[in-house]
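A.B. asks: If it helps, the file is called data31.txt and holds compact mmCIF, C-alpha atoms:
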# COMPACT_ATOMS: atom_id res chain seq x y z
CA MET A 1125 4.12 -11.42 -6.90
CA PHE A 1126 0.69 -10.07 -5.95
CA ALA A 1127 0.44 -12.62 -3.17
CA ARG A 1128 3.70 -11.30 -1.73
CA ILE A 1129 2.50 -7.69 -1.59
CA ALA A 1130 -1.11 -8.32 -0.50
CA GLY A 1131 -0.41 -7.16 3.05
CA SER A 1132 0.90 -3.74 1.99
CA TYR A 1133 -1.21 -3.28 -1.15
CA ASP A 1134 -3.83 -0.87 0.24
CA LEU A 1135 -1.27 1.25 2.09
CA LEU A 1136 0.90 1.58 -1.00
CA ASN A 1137 -2.08 2.50 -3.18
CA ARG A 1138 -2.87 5.41 -0.85
CA VAL A 1139 0.74 6.53 -0.37
CA LEU A 1140 1.90 6.28 -3.99
CA SER A 1141 -1.19 8.03 -5.38
CA LEU A 1142 -1.51 10.54 -2.50
CA GLY A 1143 -5.02 9.15 -1.98
CA ILE A 1144 -6.18 10.10 -5.50
CA ASP A 1145 -6.91 6.44 -6.31
CA GLN A 1146 -9.99 6.62 -4.10
CA ARG A 1147 -11.39 9.49 -6.18
CA TRP A 1148 -10.81 7.47 -9.35
CA ARG A 1149 -12.78 4.55 -7.96
CA LYS A 1150 -15.65 6.80 -6.93
CA ARG A 1151 -15.71 8.23 -10.46
CA LEU A 1152 -16.05 4.68 -11.79
CA LEU A 1153 -18.96 4.09 -9.40
CA ARG A 1154 -20.77 7.19 -10.68
CA GLN A 1155 -20.26 6.10 -14.27
CA SER A 1156 -21.67 2.66 -13.48
CA GLY A 1157 -25.04 4.09 -12.46
CA VAL A 1158 -25.42 1.16 -10.07
CA GLN A 1159 -28.79 0.95 -8.32
CA PRO A 1160 -29.92 -1.25 -5.43
CA GLY A 1161 -30.62 -4.78 -6.60
CA MET A 1162 -28.34 -4.67 -9.64
CA THR A 1163 -25.80 -7.45 -10.13
CA VAL A 1164 -22.14 -6.49 -10.54
CA VAL A 1165 -19.11 -8.62 -11.40
CA ASP A 1166 -15.80 -7.00 -10.42
CA VAL A 1167 -12.86 -8.72 -12.15
CA CYS A 1168 -9.32 -8.67 -10.69
CA CYS A 1169 -10.97 -7.23 -7.57
CA GLY A 1170 -7.80 -7.32 -5.45
CA THR A 1171 -8.54 -6.33 -1.86
CA GLY A 1172 -12.11 -5.37 -2.73
CA ASP A 1173 -12.11 -1.56 -2.79
CA VAL A 1174 -14.31 -1.21 -5.89
CA ALA A 1175 -16.49 -4.22 -5.11
CA LEU A 1176 -17.33 -2.78 -1.69
CA LEU A 1177 -18.24 0.59 -3.21
CA TYR A 1178 -20.81 -1.24 -5.35
CA ALA A 1179 -22.06 -3.12 -2.28
CA ARG A 1180 -22.53 0.10 -0.32
CA ALA A 1181 -24.64 1.37 -3.22
CA GLY A 1182 -26.95 -1.63 -2.75
CA ALA A 1183 -25.74 -3.90 -5.55
CA GLN A 1184 -25.27 -7.66 -5.39
CA VAL A 1185 -21.55 -8.06 -6.02
CA ILE A 1186 -19.27 -10.89 -7.12
CA GLY A 1187 -15.60 -9.99 -6.68
CA LEU A 1188 -13.17 -12.28 -8.50
CA ASP A 1189 -9.39 -12.46 -8.35
CA PHE A 1190 -6.62 -14.87 -9.32
CA THR A 1191 -4.60 -14.17 -6.13
CA HIS A 1192 -6.07 -15.75 -3.01
CA PRO A 1193 -4.19 -13.63 -0.41
CA MET A 1194 -5.77 -10.53 -1.98
CA LEU A 1195 -9.20 -12.12 -1.56
CA GLU A 1196 -8.46 -12.86 2.09
CA ARG A 1197 -7.89 -9.13 2.61
CA ALA A 1198 -11.12 -8.33 0.75
CA GLU A 1199 -13.05 -10.78 2.90
CA LYS A 1200 -11.84 -9.10 6.09
CA LYS A 1201 -12.94 -5.71 4.77
CA ARG A 1202 -16.34 -7.09 3.76
CA GLY A 1203 -17.35 -7.68 7.36
CA LYS A 1204 -21.00 -8.68 7.65
CA ARG A 1205 -22.07 -6.94 4.45
CA ALA A 1206 -24.62 -9.16 2.74
CA HIS A 1207 -24.98 -9.70 -1.01
CA THR A 1208 -21.20 -9.63 -1.52
CA LEU A 1209 -19.19 -12.67 -2.56
CA PHE A 1210 -15.43 -12.84 -3.04
CA ALA A 1211 -14.13 -15.88 -4.93
CA ASP A 1212 -11.14 -17.18 -6.85
CA GLY A 1213 -11.56 -16.49 -10.55
CA ASP A 1214 -9.49 -16.30 -13.72
CA ALA A 1215 -10.21 -13.18 -15.82
CA MET A 1216 -9.79 -15.29 -18.96
CA ASN A 1217 -12.41 -17.82 -17.83
CA LEU A 1218 -14.83 -16.14 -15.43
CA PRO A 1219 -16.74 -18.59 -13.18
CA VAL A 1220 -19.99 -16.71 -13.83
CA ALA A 1221 -23.00 -17.67 -15.95
CA SER A 1222 -23.60 -15.78 -19.18
CA GLY A 1223 -25.89 -12.75 -19.27
CA VAL A 1224 -26.37 -12.27 -15.52
CA ALA A 1225 -24.62 -8.96 -14.73
CA ASP A 1226 -25.73 -5.38 -15.15
CA VAL A 1227 -22.16 -4.11 -14.75
CA CYS A 1228 -18.79 -5.81 -15.17
CA SER A 1229 -15.67 -3.87 -14.25
CA VAL A 1230 -11.92 -4.24 -13.85
CA SER A 1231 -9.75 -1.68 -12.06
CA PHE A 1232 -5.97 -1.65 -12.44
CA GLY A 1233 -6.00 -5.35 -13.28
CA ILE A 1234 -6.46 -5.91 -16.99
CA ARG A 1235 -2.78 -5.03 -17.58
CA ASN A 1236 -1.96 -8.26 -15.78
CA VAL A 1237 -4.09 -10.73 -17.74
CA GLU A 1238 -2.58 -13.00 -20.36
CA GLU A 1239 -4.62 -11.59 -23.26
CA ARG A 1240 -6.81 -8.53 -22.67
CA GLY A 1241 -9.00 -9.19 -25.73
CA GLY A 1242 -10.01 -12.51 -24.19
CA CYS A 1243 -10.75 -10.79 -20.90
CA MET A 1244 -12.95 -8.22 -22.68
CA ARG A 1245 -14.88 -10.98 -24.42
CA GLU A 1246 -15.42 -12.77 -21.11
CA MET A 1247 -16.68 -9.57 -19.51
CA LYS A 1248 -19.09 -9.12 -22.43
CA ARG A 1249 -20.29 -12.72 -22.04
CA VAL A 1250 -21.39 -12.28 -18.41
CA LEU A 1251 -23.27 -9.02 -19.12
CA ARG A 1252 -26.94 -8.74 -19.99
CA PRO A 1253 -27.99 -6.91 -23.17
CA GLY A 1254 -27.51 -3.23 -22.36
CA GLY A 1255 -25.09 -4.08 -19.56
CA GLN A 1256 -22.08 -1.86 -19.03
CA VAL A 1257 -18.36 -2.67 -19.03
CA LEU A 1258 -15.99 -0.39 -17.11
CA ILE A 1259 -12.20 -0.39 -17.20
CA LEU A 1260 -10.16 1.84 -14.89
CA GLU A 1261 -6.46 1.76 -15.66
CA PHE A 1262 -3.28 3.79 -15.42
CA SER A 1263 -2.09 5.74 -18.44
CA MET A 1264 0.79 8.03 -19.28
CA PRO A 1265 -0.27 11.69 -19.21
CA PRO A 1266 0.09 13.79 -22.34
CA GLY A 1267 2.12 16.99 -22.41
CA ARG A 1268 5.88 17.34 -22.49
CA VAL A 1269 6.46 19.04 -19.11
CA PHE A 1270 3.96 17.24 -16.88
CA GLY A 1271 4.53 14.01 -18.80
CA TRP A 1272 8.28 14.23 -18.11
CA ILE A 1273 7.74 15.02 -14.40
CA TYR A 1274 5.30 12.16 -13.98
CA ARG A 1275 7.43 9.68 -15.93
CA THR A 1276 10.42 10.56 -13.72
CA TYR A 1277 8.37 9.96 -10.56
CA PHE A 1278 6.78 6.83 -11.95
CA THR A 1279 9.97 5.14 -13.13
CA ARG A 1280 12.53 6.35 -10.56
CA ILE A 1281 10.87 7.40 -7.30
CA LEU A 1282 7.77 5.21 -7.10
CA PRO A 1283 9.64 1.86 -7.39
CA GLY A 1284 11.94 2.87 -4.52
CA ILE A 1285 9.02 3.75 -2.21
CA GLY A 1286 7.28 0.53 -3.20
CA ARG A 1287 10.34 -1.57 -2.40
CA LEU A 1288 10.81 0.20 0.95
CA VAL A 1289 7.24 -0.41 2.13
CA SER A 1290 6.47 -3.80 0.54
CA LYS A 1291 9.99 -5.29 0.90
CA ASP A 1292 9.53 -6.67 -2.62
CA ASP A 1293 12.20 -5.87 -5.18
CA ASP A 1294 10.16 -6.62 -8.29
CA ALA A 1295 6.54 -5.60 -7.71
CA TYR A 1296 6.89 -1.85 -8.05
CA SER A 1297 9.33 -2.08 -10.93
CA TYR A 1298 6.75 -4.27 -12.68
CA LEU A 1299 4.13 -1.51 -12.38
CA PRO A 1300 5.87 1.16 -14.52
CA ARG A 1301 7.01 -1.48 -17.02
CA THR A 1302 3.44 -2.57 -17.70
CA VAL A 1303 2.01 0.95 -17.74
CA LEU A 1304 4.64 2.17 -20.21
CA ALA A 1305 3.67 -0.72 -22.50
CA TRP A 1306 -0.07 -0.03 -22.14
CA PRO A 1307 -1.97 1.21 -25.24
CA LYS A 1308 -3.10 4.81 -25.49
CA PRO A 1309 -6.74 5.52 -24.50
CA ALA A 1310 -7.97 5.78 -28.10
CA GLU A 1311 -6.31 2.45 -28.93
CA LEU A 1312 -7.92 0.70 -25.95
CA GLN A 1313 -11.31 2.09 -26.92
CA THR A 1314 -10.83 0.59 -30.37
CA GLU A 1315 -10.12 -2.77 -28.72
CA LEU A 1316 -13.36 -2.52 -26.71
CA GLU A 1317 -15.28 -1.86 -29.92
CA ALA A 1318 -13.56 -4.82 -31.59
CA ALA A 1319 -14.69 -7.00 -28.66
CA GLY A 1320 -18.30 -6.12 -29.54
CA PHE A 1321 -19.11 -3.24 -27.19
CA THR A 1322 -21.05 -0.18 -28.34
CA GLU A 1323 -21.49 3.36 -26.94
CA CYS A 1324 -17.81 3.27 -25.98
CA GLY A 1325 -16.02 6.25 -24.51
CA HIS A 1326 -13.24 7.23 -22.16
CA GLU A 1327 -12.26 10.00 -19.76
CA LEU A 1328 -8.76 11.01 -18.67
CA LEU A 1329 -8.48 11.41 -14.90
CA SER A 1330 -6.02 13.59 -12.97
CA PHE A 1331 -4.39 15.06 -16.08
CA GLY A 1332 -4.16 11.63 -17.71
CA ILE A 1333 -2.50 9.65 -14.91
CA ALA A 1334 -5.44 7.26 -15.14
CA CYS A 1335 -8.21 6.66 -17.67
CA LEU A 1336 -11.76 5.39 -17.27
CA HIS A 1337 -13.22 3.45 -20.21
CA TRP A 1338 -16.81 2.33 -20.71
CA GLY A 1339 -19.01 0.54 -23.22
CA ARG A 1340 -22.25 -1.43 -23.46
CA VAL A 1341 -23.41 -4.77 -24.71
CA PRO A 1342 -25.74 -4.12 -27.67
CA ARG A 1343 -29.40 -4.17 -26.69
CA VAL A 1344 -31.47 -6.83 -28.40
So that I can check it, write out the structure of this file as structure tokens.
C.D. replies:
Amino acid sequence: MFARIAGSYDLLNRVLSLGIDQRWRKRLLRQSGVQPGMTVVDVCCGTGDVALLYARAGAQVIGLDFTHPMLERAEKKRGKRAHTLFADGDAMNLPVASGVADVCSVSFGIRNVEERGGCMREMKRVLRPGGQVLILEFSMPPGRVFGWIYRTYFTRILPGIGRLVSKDDDAYSYLPRTVLAWPKPAELQTELEAAGFTECGHELLSFGIACLHWGRVPRV
């Protein structure tokens, strides 16, 4: 499914979020505290938007994704930027040595893995002691009025726009299905803590349309 929509993925992200998705990614970058020379692993990197933000900040970046056509798009956007590698990689079995990364992140991708607890444990494995995990994901906003307005847009209008632009009948019906089944922010934070992360927290973005989670590998 993601291979089928790779060509329209960036356009639809901008259109369906009215460009707000770029602000969310920049918020993740600020939270990461990435400095030149740090090593970052970006899981489910898609077309490389977050990975390339890290690269522009001077980090050495490994962007991994299960869908090769997405990586082809990321590679074109990379240009001649050094210290950035895009490669095929399963979030449940990351092709990265243990304890090498300062930051490991996943943006709008962990909903799609087979078992998110396993993905969290893999992200912890590749991080150094004190390294930071970041998860940026959609959520359903609280509040009866705004929540109802957003749910109506998300389940009735968004899939139609997605089908019109991507020519794919299933992809943008899949999105609201998986978001509606996603745990609440406090529940996901509990899962991060169960995976062994400390100093965990989260921040609702854009009235709760998205949520940024973070945690750290315990320092030795």
A.B. asks: Considering all atoms listed in the file, return as a PyMOL selection string whatever protein or nucleic-acid residues lie within 6 Å of segment 1182-1193 of chain A, sequence-local ones (same chain, fewer than 5 positions apart) excluded.
C.D. replies: chain A and resi 1127+1160-1169+1207-1214
A.B. asks: I'd like to know which of A:Pro1342, A:Gly1284, A:Pro1253, A:Gly1170 is closest to Ser1222 of chain A, using all atoms listed in the file.
C.D. replies: A:Pro1253
A.B. asks: Taking all atoms listed in the file into account, which of A:Phe1331, A:Phe1126, A:Trp1148, A:Phe1321 comes nearest Met1247 of chain A?
C.D. replies: A:Phe1321
A.B. asks: Report, in Å to a single decimal, how far apart atom CA of Phe1262 of chain A and atom CA of Gly1320 of chain A are.
C.D. replies: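 The value is 22.9 Å.
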A.B. asks: Enclose the full set of atoms of segment 1293-1310 of chain A listed in the file within a box whose edges lie along x, y and z, apply 4 Å of padding to each of the six sides, and report centre and edge lengths in Å to one decimal as lines of an AutoDock Vina configuration file.
C.D. replies:
center_x = 2.1
center_y = -0.4
center_z = -16.6
size_x = 28.2
size_y = 20.4
size_z = 30.9
A.B. asks: Looking at A:Ala1206, A:Ala1198, A:Ala1175, A:Val1341, which one is nearest to Glu1317 of chain A, with distances taken over all atoms listed in the file?
C.D. replies: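 That would be A:Val1341, the residue with the smallest distance to Glu1317 of chain A.
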A.B. asks: List the neighbours of Leu1329 of chain A out to 10 Å using all atoms listed in the file; skip same-chain residues closer than 3 positions along the sequence, and give me the result as a PDB file with C-alpha atoms, in the coordinates of the input.
C.D. replies:
ATOM      1  CA  ILE A1144      -6.180  10.100  -5.500  1.00  0.00           C
ATOM      2  CA  ARG A1147     -11.390   9.490  -6.180  1.00  0.00           C
ATOM      3  CA  TRP A1148     -10.810   7.470  -9.350  1.00  0.00           C
ATOM      4  CA  ARG A1151     -15.710   8.230 -10.460  1.00  0.00           C
ATOM      5  CA  LEU A1260     -10.160   1.840 -14.890  1.00  0.00           C
ATOM      6  CA  GLU A1261      -6.460   1.760 -15.660  1.00  0.00           C
ATOM      7  CA  PHE A1262      -3.280   3.790 -15.420  1.00  0.00           C
ATOM      8  CA  SER A1263      -2.090   5.740 -18.440  1.00  0.00           C
ATOM      9  CA  PRO A1265      -0.270  11.690 -19.210  1.00  0.00           C
ATOM     10  CA  HIS A1326     -13.240   7.230 -22.160  1.00  0.00           C
ATOM     11  CA  GLY A1332      -4.160  11.630 -17.710  1.00  0.00           C
ATOM     12  CA  ILE A1333      -2.500   9.650 -14.910  1.00  0.00           C
ATOM     13  CA  ALA A1334      -5.440   7.260 -15.140  1.00  0.00           C
ATOM     14  CA  CYS A1335      -8.210   6.660 -17.670  1.00  0.00           C
ATOM     15  CA  LEU A1336     -11.760   5.390 -17.270  1.00  0.00           C
TER      16      LEU A1336
END
A.B. asks: With all atoms listed in the file counted, which protein, DNA or RNA residues have an atom no more than 7 Å from (-11.9, -9.7, 1.1) in the file frame? Please answer as a PyMOL selection string.
C.D. replies: chain A and resi 1171-1172+1194-1202+1210
A.B. asks: Would you kindly return, as number ranges by chain, each protein, DNA or RNA residue with an atom no farther than 7 Å from any atom of Val1224 of chain A, considering only C-alpha atoms and excluding same-chain residues fewer than 6 positions away?
C.D. replies: A: 1250-1252
A.B. asks: Find the residues around Met1216 of chain A up to 10 Å (all atoms listed in the file counted), leave out those fewer than 3 positions away in its own chain, and share them as a list in words.
C.D. replies: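 Those residues are Val1167, Gly1213, Pro1219, Val1237, Glu1238, Glu1239, Arg1240, Gly1241, Gly1242, Cys1243, Met1244, Arg1245, Glu1246 and Met1247 of chain A.
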A.B. asks: How many Å lie between atom CA of Leu1258 of chain A and atom CA of Ala1181 of chain A, rounded to one decimal?
C.D. replies: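 One can read the atom CA of Leu1258 of chain A to atom CA of Ala1181 of chain A distance as 16.5 Å.
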A.B. asks: Kindly provide, as a compact mmCIF listing (two decimals) with C-alpha atoms, keeping the file's coordinate frame, the polymer residues lying within 8 Å of (-19.6, 3.1, -23.1), counting only C-alpha atoms and using the coordinates exactly as they appear in the file.
C.D. replies:
# COMPACT_ATOMS: atom_id res chain seq x y z
CA GLN A 1256 -22.08 -1.86 -19.03
CA VAL A 1257 -18.36 -2.67 -19.03
CA LEU A 1258 -15.99 -0.39 -17.11
CA PHE A 1321 -19.11 -3.24 -27.19
CA THR A 1322 -21.05 -0.18 -28.34
CA GLU A 1323 -21.49 3.36 -26.94
CA CYS A 1324 -17.81 3.27 -25.98
CA GLY A 1325 -16.02 6.25 -24.51
CA HIS A 1326 -13.24 7.23 -22.16
CA HIS A 1337 -13.22 3.45 -20.21
CA TRP A 1338 -16.81 2.33 -20.71
CA GLY A 1339 -19.01 0.54 -23.22
CA ARG A 1340 -22.25 -1.43 -23.46
A.B. asks: For atom CA of Ala1305 of chain A and atom CA of Met1264 of chain A, quote the distance in Å rounded to one decimal.
C.D. replies: 9.8 Å
A.B. asks: At a cut-off of 8 Å, using all atoms listed in the file, what residues contact segment 1296-1300 of chain A? Leave out same-chain residues fewer than 5 positions from it and give the result as a JSON list (two decimals) with C-alpha atoms, in the frame of the given file.
C.D. replies:
[["chain", "number", "residue", "atom", "x", "y", "z"],
["A", 1278, "PHE", "CA", 6.78, 6.83, -11.95],
["A", 1279, "THR", "CA", 9.97, 5.14, -13.13],
["A", 1282, "LEU", "CA", 7.77, 5.21, -7.10],
["A", 1283, "PRO", "CA", 9.64, 1.86, -7.39],
["A", 1284, "GLY", "CA", 11.94, 2.87, -4.52],
["A", 1286, "GLY", "CA", 7.28, 0.53, -3.20],
["A", 1287, "ARG", "CA", 10.34, -1.57, -2.40]]
A.B. asks: Give the answer as one residue: which of A:Leu1328, A:Val1220, A:Ala1318, A:Ala1215 has the shortest atom-to-atom distance to Pro1266 of chain A, using all atoms listed in the file?
C.D. replies: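 Comparing A:Leu1328, A:Val1220, A:Ala1318, A:Ala1215 against Pro1266 of chain A, the winner is A:Leu1328.
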A.B. asks: Select segment 1159-1273 of chain A in the preceding structure and write C-alpha atoms to a file as a tab-separated table (two decimals), in the first residue's frame.
C.D. replies:
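Below is the file decode.tsv, written as the result:
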chain	number	residue	atom	x	y	z
A	1159	GLN	CA	24.11	18.63	17.62
A	1160	PRO	CA	26.64	18.34	14.79
A	1161	GLY	CA	28.39	14.97	14.87
A	1162	MET	CA	25.62	13.11	16.70
A	1163	THR	CA	24.33	9.84	15.24
A	1164	VAL	CA	20.61	9.52	14.56
A	1165	VAL	CA	18.55	6.52	13.46
A	1166	ASP	CA	15.19	7.46	11.93
A	1167	VAL	CA	12.85	4.45	11.76
A	1168	CYS	CA	10.02	4.21	9.20
A	1169	CYS	CA	11.63	7.26	7.59
A	1170	GLY	CA	9.33	7.29	4.55
A	1171	THR	CA	10.42	9.94	2.05
A	1172	GLY	CA	13.02	11.32	4.46
A	1173	ASP	CA	11.51	14.55	5.79
A	1174	VAL	CA	12.61	14.05	9.41
A	1175	ALA	CA	15.92	12.39	8.52
A	1176	LEU	CA	16.89	15.37	6.36
A	1177	LEU	CA	16.03	17.81	9.15
A	1178	TYR	CA	18.54	15.97	11.34
A	1179	ALA	CA	21.10	16.06	8.52
A	1180	ARG	CA	20.70	19.82	8.07
A	1181	ALA	CA	21.41	20.17	11.80
A	1182	GLY	CA	24.76	18.42	11.24
A	1183	ALA	CA	23.93	14.91	12.45
A	1184	GLN	CA	25.03	11.64	10.87
A	1185	VAL	CA	21.73	10.04	9.90
A	1186	ILE	CA	20.57	6.53	9.05
A	1187	GLY	CA	17.04	6.53	7.62
A	1188	LEU	CA	15.37	3.11	7.51
A	1189	ASP	CA	12.11	2.03	5.92
A	1190	PHE	CA	10.37	-1.20	4.92
A	1191	THR	CA	9.02	0.29	1.64
A	1192	HIS	CA	11.67	0.72	-1.04
A	1193	PRO	CA	9.75	3.20	-3.27
A	1194	MET	CA	9.58	5.57	-0.28
A	1195	LEU	CA	13.36	5.30	0.09
A	1196	GLU	CA	13.82	6.10	-3.59
A	1197	ARG	CA	11.97	9.37	-3.00
A	1198	ALA	CA	14.10	10.08	0.07
A	1199	GLU	CA	17.28	9.45	-1.89
A	1200	LYS	CA	16.27	11.98	-4.54
A	1201	LYS	CA	15.61	14.59	-1.84
A	1202	ARG	CA	18.96	13.85	-0.17
A	1203	GLY	CA	20.90	15.22	-3.11
A	1204	LYS	CA	24.62	15.46	-2.34
A	1205	ARG	CA	24.15	15.80	1.41
A	1206	ALA	CA	26.91	13.81	3.09
A	1207	HIS	CA	26.57	11.77	6.29
A	1208	THR	CA	23.07	10.61	5.35
A	1209	LEU	CA	22.23	7.01	4.48
A	1210	PHE	CA	18.85	5.66	3.44
A	1211	ALA	CA	18.45	1.88	3.57
A	1212	ASP	CA	15.87	-0.88	3.68
A	1213	GLY	CA	15.12	-1.82	7.28
A	1214	ASP	CA	12.48	-3.62	9.31
A	1215	ALA	CA	11.41	-1.70	12.45
A	1216	MET	CA	11.15	-5.02	14.30
A	1217	ASN	CA	14.73	-5.98	13.44
A	1218	LEU	CA	16.78	-2.84	12.83
A	1219	PRO	CA	19.96	-3.43	10.77
A	1220	VAL	CA	21.96	-1.25	13.17
A	1221	ALA	CA	24.53	-2.23	15.80
A	1222	SER	CA	23.58	-1.90	19.46
A	1223	GLY	CA	24.41	1.26	21.40
A	1224	VAL	CA	25.51	3.47	18.50
A	1225	ALA	CA	22.82	6.19	18.28
A	1226	ASP	CA	22.31	9.36	20.26
A	1227	VAL	CA	18.72	9.68	19.01
A	1228	CYS	CA	16.30	7.16	17.55
A	1229	SER	CA	12.96	8.40	16.24
A	1230	VAL	CA	9.86	7.28	14.39
A	1231	SER	CA	7.33	9.70	12.89
A	1232	PHE	CA	3.87	8.55	11.83
A	1233	GLY	CA	5.16	5.02	11.33
A	1234	ILE	CA	4.94	3.01	14.51
A	1235	ARG	CA	1.18	2.53	13.95
A	1236	ASN	CA	2.14	0.35	11.00
A	1237	VAL	CA	4.56	-2.07	12.66
A	1238	GLU	CA	3.50	-5.58	13.61
A	1239	GLU	CA	4.10	-5.13	17.34
A	1240	ARG	CA	4.98	-1.68	18.68
A	1241	GLY	CA	6.49	-3.02	21.91
A	1242	GLY	CA	9.05	-4.91	19.84
A	1243	CYS	CA	9.79	-1.77	17.85
A	1244	MET	CA	10.32	0.21	21.07
A	1245	ARG	CA	12.73	-2.42	22.37
A	1246	GLU	CA	14.68	-2.34	19.09
A	1247	MET	CA	14.90	1.45	19.26
A	1248	LYS	CA	16.20	1.17	22.83
A	1249	ARG	CA	18.78	-1.42	21.72
A	1250	VAL	CA	20.41	0.87	19.14
A	1251	LEU	CA	20.64	3.83	21.55
A	1252	ARG	CA	23.60	4.65	23.76
A	1253	PRO	CA	23.08	5.08	27.52
A	1254	GLY	CA	21.40	8.46	27.88
A	1255	GLY	CA	20.22	8.34	24.27
A	1256	GLN	CA	16.78	9.68	23.44
A	1257	VAL	CA	13.79	8.01	21.79
A	1258	LEU	CA	11.22	10.19	20.01
A	1259	ILE	CA	7.83	9.14	18.68
A	1260	LEU	CA	5.66	11.55	16.68
A	1261	GLU	CA	2.22	10.16	15.94
A	1262	PHE	CA	-1.35	11.16	15.24
A	1263	SER	CA	-3.87	11.18	18.07
A	1264	MET	CA	-7.53	12.00	18.49
A	1265	PRO	CA	-8.01	15.45	20.06
A	1266	PRO	CA	-9.87	15.75	23.34
A	1267	GLY	CA	-12.95	17.92	23.72
A	1268	ARG	CA	-16.46	17.20	22.51
A	1269	VAL	CA	-16.87	20.00	19.95
A	1270	PHE	CA	-13.43	20.12	18.34
A	1271	GLY	CA	-13.10	16.35	18.71
A	1272	TRP	CA	-16.36	15.85	16.78
A	1273	ILE	CA	-15.35	18.33	14.04
